[in-house]
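Structure file entry32.pdb with PDB, C-alpha atoms, pLDDT in the B column:
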ATOM      1  CA  MET A  22      49.710 -10.110  -6.856  1.00 69.00           C
ATOM      2  CA  ASN A  23      52.306 -11.358  -4.378  1.00 91.00           C
ATOM      3  CA  THR A  24      54.606  -8.389  -3.675  1.00 95.00           C
ATOM      4  CA  LYS A  25      57.309 -10.521  -2.043  1.00 96.00           C
ATOM      5  CA  LYS A  26      57.579 -12.773  -5.130  1.00 94.00           C
ATOM      6  CA  LEU A  27      57.563  -9.737  -7.425  1.00 95.00           C
ATOM      7  CA  LEU A  28      60.433  -8.093  -5.533  1.00 97.00           C
ATOM      8  CA  LEU A  29      62.410 -11.358  -5.332  1.00 97.00           C
ATOM      9  CA  ALA A  30      61.978 -12.018  -9.054  1.00 94.00           C
ATOM     10  CA  THR A  31      62.912  -8.411  -9.838  1.00 95.00           C
ATOM     11  CA  GLY A  32      66.054  -8.626  -7.703  1.00 97.00           C
ATOM     12  CA  ILE A  33      67.241 -11.925  -9.153  1.00 96.00           C
ATOM     13  CA  SER A  34      66.442 -10.841 -12.728  1.00 93.00           C
ATOM     14  CA  PHE A  35      68.303  -7.575 -12.199  1.00 93.00           C
ATOM     15  CA  ILE A  36      71.419  -9.326 -10.898  1.00 97.00           C
ATOM     16  CA  VAL A  37      71.468 -11.842 -13.747  1.00 95.00           C
ATOM     17  CA  MET A  38      70.863  -9.246 -16.490  1.00 89.00           C
ATOM     18  CA  PHE A  39      73.330  -6.742 -15.051  1.00 91.00           C
ATOM     19  CA  LEU A  40      76.123  -9.282 -14.616  1.00 95.00           C
ATOM     20  CA  MET A  41      75.546 -11.135 -17.894  1.00 93.00           C
ATOM     21  CA  GLY A  42      75.194  -7.868 -19.840  1.00 87.00           C
ATOM     22  CA  GLY A  43      78.402  -6.564 -18.314  1.00 88.00           C
ATOM     23  CA  ALA A  44      80.259  -9.802 -19.007  1.00 92.00           C
ATOM     24  CA  PHE A  45      79.085  -9.832 -22.629  1.00 90.00           C
ATOM     25  CA  HIS A  46      79.650  -6.169 -23.470  1.00 81.00           C
ATOM     26  CA  MET A  47      82.806  -5.534 -21.430  1.00 84.00           C
ATOM     27  CA  LEU A  48      84.598  -8.873 -21.696  1.00 90.00           C
ATOM     28  CA  ILE A  49      83.336 -11.204 -24.408  1.00 92.00           C
ATOM     29  CA  ALA A  50      82.298  -8.923 -27.288  1.00 86.00           C
ATOM     30  CA  ASP A  51      84.132  -5.671 -26.515  1.00 83.00           C
ATOM     31  CA  GLU A  52      86.783  -5.941 -29.217  1.00 87.00           C
ATOM     32  CA  TRP A  53      84.370  -7.360 -31.792  1.00 87.00           C
ATOM     33  CA  MET A  54      81.871  -4.531 -31.240  1.00 81.00           C
ATOM     34  CA  LYS A  55      84.646  -1.943 -31.594  1.00 81.00           C
ATOM     35  CA  ALA A  56      85.836  -3.592 -34.823  1.00 85.00           C
ATOM     36  CA  HIS A  57      82.287  -3.414 -36.244  1.00 82.00           C
ATOM     37  CA  ALA A  58      81.301  -0.021 -34.870  1.00 78.00           C
ATOM     38  CA  GLY A  59      79.763   1.497 -37.987  1.00 76.00           C
ATOM     39  CA  LEU A  60      80.409   4.950 -39.432  1.00 76.00           C
ATOM     40  CA  ALA A  61      80.490   6.741 -36.060  1.00 75.00           C
ATOM     41  CA  GLY A  62      83.491   4.732 -34.899  1.00 76.00           C
ATOM     42  CA  ASP A  63      83.926   3.856 -31.240  1.00 76.00           C
ATOM     43  CA  ILE A  64      81.141   5.756 -29.477  1.00 76.00           C
ATOM     44  CA  SER A  65      81.636   4.073 -26.099  1.00 74.00           C
ATOM     45  CA  ARG A  66      82.151   6.279 -23.068  1.00 75.00           C
ATOM     46  CA  PRO A  67      85.607   6.283 -21.455  1.00 80.00           C
ATOM     47  CA  GLU A  68      83.873   5.313 -18.207  1.00 83.00           C
ATOM     48  CA  PRO A  69      80.398   3.761 -18.442  1.00 80.00           C
ATOM     49  CA  MET A  70      77.693   5.552 -16.444  1.00 84.00           C
ATOM     50  CA  MET A  71      76.849   2.483 -14.382  1.00 89.00           C
ATOM     51  CA  GLN A  72      74.007   4.138 -12.455  1.00 90.00           C
ATOM     52  CA  TRP A  73      72.036   4.590 -15.686  1.00 86.00           C
ATOM     53  CA  ILE A  74      72.839   1.115 -16.922  1.00 86.00           C
ATOM     54  CA  ALA A  75      71.752  -0.318 -13.561  1.00 91.00           C
ATOM     55  CA  LEU A  76      68.529   1.732 -13.623  1.00 90.00           C
ATOM     56  CA  GLY A  77      67.705   0.450 -17.117  1.00 84.00           C
ATOM     57  CA  CYS A  78      68.352  -3.152 -16.032  1.00 87.00           C
ATOM     58  CA  LEU A  79      66.258  -2.655 -12.887  1.00 91.00           C
ATOM     59  CA  MET A  80      63.339  -1.219 -14.871  1.00 88.00           C
ATOM     60  CA  LEU A  81      63.491  -4.072 -17.385  1.00 85.00           C
ATOM     61  CA  ALA A  82      63.734  -6.652 -14.570  1.00 89.00           C
ATOM     62  CA  PHE A  83      60.703  -5.177 -12.825  1.00 91.00           C
ATOM     63  CA  LEU A  84      58.602  -5.032 -15.999  1.00 86.00           C
ATOM     64  CA  MET A  85      59.486  -8.596 -16.969  1.00 85.00           C
ATOM     65  CA  SER A  86      58.786  -9.855 -13.431  1.00 88.00           C
ATOM     66  CA  TYR A  87      55.457  -8.063 -13.419  1.00 87.00           C
ATOM     67  CA  ILE A  88      54.352  -9.358 -16.839  1.00 85.00           C
ATOM     68  CA  TYR A  89      55.647 -12.949 -16.546  1.00 81.00           C
ATOM     69  CA  PRO A  90      52.900 -14.356 -14.256  1.00 83.00           C
ATOM     70  CA  LYS A  91      50.254 -13.203 -16.710  1.00 78.00           C
ATOM     71  CA  GLY A  92      51.584 -15.514 -19.448  1.00 74.00           C
ATOM     72  CA  VAL A  93      52.518 -18.704 -17.577  1.00 75.00           C
ATOM     73  CA  GLU A  94      50.954 -21.713 -19.292  1.00 74.00           C
ATOM     74  CA  SER A  95      52.349 -24.701 -17.381  1.00 77.00           C
ATOM     75  CA  ASP A  96      53.877 -25.785 -14.077  1.00 82.00           C
ATOM     76  CA  ASN A  97      57.354 -26.108 -15.606  1.00 85.00           C
ATOM     77  CA  HIS A  98      58.611 -22.721 -14.390  1.00 82.00           C
ATOM     78  CA  ILE A  99      62.111 -23.185 -15.806  1.00 86.00           C
ATOM     79  CA  MET A 100      60.834 -23.789 -19.343  1.00 86.00           C
ATOM     80  CA  GLU A 101      58.203 -21.058 -19.047  1.00 84.00           C
ATOM     81  CA  GLY A 102      60.892 -18.630 -17.864  1.00 83.00           C
ATOM     82  CA  PHE A 103      63.152 -19.600 -20.738  1.00 86.00           C
ATOM     83  CA  LYS A 104      60.377 -19.128 -23.317  1.00 85.00           C
ATOM     84  CA  PHE A 105      59.402 -15.812 -21.763  1.00 82.00           C
ATOM     85  CA  GLY A 106      63.022 -14.610 -21.749  1.00 82.00           C
ATOM     86  CA  VAL A 107      63.486 -15.490 -25.410  1.00 84.00           C
ATOM     87  CA  VAL A 108      60.272 -13.737 -26.432  1.00 82.00           C
ATOM     88  CA  ILE A 109      61.000 -10.606 -24.383  1.00 82.00           C
ATOM     89  CA  GLY A 110      64.595 -10.564 -25.626  1.00 80.00           C
ATOM     90  CA  ILE A 111      63.505 -10.703 -29.257  1.00 78.00           C
ATOM     91  CA  LEU A 112      60.714  -8.186 -28.713  1.00 76.00           C
ATOM     92  CA  TRP A 113      63.052  -5.781 -26.925  1.00 79.00           C
ATOM     93  CA  ILE A 114      66.464  -5.941 -28.592  1.00 80.00           C
ATOM     94  CA  THR A 115      65.592  -6.570 -32.229  1.00 73.00           C
ATOM     95  CA  PRO A 116      63.410  -3.468 -32.726  1.00 71.00           C
ATOM     96  CA  TYR A 117      65.810  -1.399 -30.609  1.00 75.00           C
ATOM     97  CA  SER A 118      68.788  -2.466 -32.731  1.00 77.00           C
ATOM     98  CA  LEU A 119      66.969  -1.916 -36.014  1.00 75.00           C
ATOM     99  CA  ILE A 120      65.792   1.547 -34.944  1.00 69.00           C
ATOM    100  CA  LEU A 121      69.311   2.561 -33.887  1.00 68.00           C
ATOM    101  CA  TYR A 122      70.731   1.187 -37.134  1.00 76.00           C
ATOM    102  CA  GLY A 123      68.157   3.067 -39.189  1.00 73.00           C
ATOM    103  CA  ALA A 124      68.360   6.350 -37.296  1.00 68.00           C
ATOM    104  CA  THR A 125      72.042   6.642 -36.415  1.00 69.00           C
ATOM    105  CA  THR A 126      75.494   5.608 -37.534  1.00 75.00           C
ATOM    106  CA  LEU A 127      76.148   3.885 -34.223  1.00 74.00           C
ATOM    107  CA  TYR A 128      75.803   0.321 -35.510  1.00 71.00           C
ATOM    108  CA  SER A 129      76.894  -1.563 -38.582  1.00 78.00           C
ATOM    109  CA  ILE A 130      74.430  -4.107 -39.984  1.00 78.00           C
ATOM    110  CA  LYS A 131      76.737  -6.893 -38.745  1.00 83.00           C
ATOM    111  CA  ASN A 132      76.531  -5.471 -35.241  1.00 76.00           C
ATOM    112  CA  VAL A 133      72.717  -5.355 -35.432  1.00 73.00           C
ATOM    113  CA  MET A 134      72.539  -8.934 -36.653  1.00 76.00           C
ATOM    114  CA  ALA A 135      74.887 -10.166 -33.937  1.00 77.00           C
ATOM    115  CA  ALA A 136      73.167  -8.296 -31.122  1.00 69.00           C
ATOM    116  CA  GLY A 137      69.540  -8.416 -32.153  1.00 59.00           C
ATOM    117  CA  LEU A 138      68.760 -11.313 -34.409  1.00 52.00           C
TER
END
Show me this structure written as structure tokens.
Amino acid sequence: MNTKKLLLATGISFIVMFLMGGAFHMLIADEWMKAHAGLAGDISRPEPMMQWIALGCLMLAFLMSYIYPKGVESDNHIMEGFKFGVVIGILWITPYSLILYGATTLYSIKNVMAAGL
């Protein structure tokens, strides 16, 4: 395993996920998510705990960067990365959303479908 490539991929993945996640949840879908919050109402924190969000993104970026080389099938790295991202996204967010919907009142079914399916 090439440690330099692993760290570079982890860093770039972290930056992209952290910024895109923030843009989606804080700018694009903020009002929609609040309007479809489920029975618990608005459960968002007044101030997000960014250190925990960043740690979660960093862990996910590292795990994806570590696993990715084991599943590469062709030399088209862009397409392989896209396919891998879609698969990991579906494998990660869909079960997570369904579990939270089934176990809590945090999400409405519309929220689950928009975020996870």
Report as a PyMOL selection string the residues that result from applying the PyMOL selection byres ((chain A and resi 75) around 12) to the structure here. chain A and resi 32+34-40+42-43+69-74+76-82
Which residues are close to A:Tyr117, i.e. within 10 Å by only C-alpha atoms, leaving aside same-chain residues fewer than 5 positions away? Reply as a ChimeraX atom specification. /A:111-112,122-123,133,137
Put the listed atoms of stretch 103-109 of chain A in a box along x, y and z with 6 Å added on every side and give me the centre and edge lengths in Å to one decimal, as AutoDock Vina command-line options.
--center_x 61.4 --center_y -15.1 --center_z -23.6 --size_x 16.1 --size_y 21.0 --size_z 17.7
Would you please work out which residue, of A:Asn97, A:Ser86, A:Gly92, A:Gly102, is nearest to A:Thr31 when using only C-alpha atoms? A:Ser86
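Proximity of A:Met85, A:Met41, A:Leu60, A:Ala50 to A:Ile109, computed with only C-alpha atoms, is greatest for A:Met85.
Note that the spacing between atom CA of A:Ile88 and atom CA of A:Asn132 amounts to 29.1 Å.
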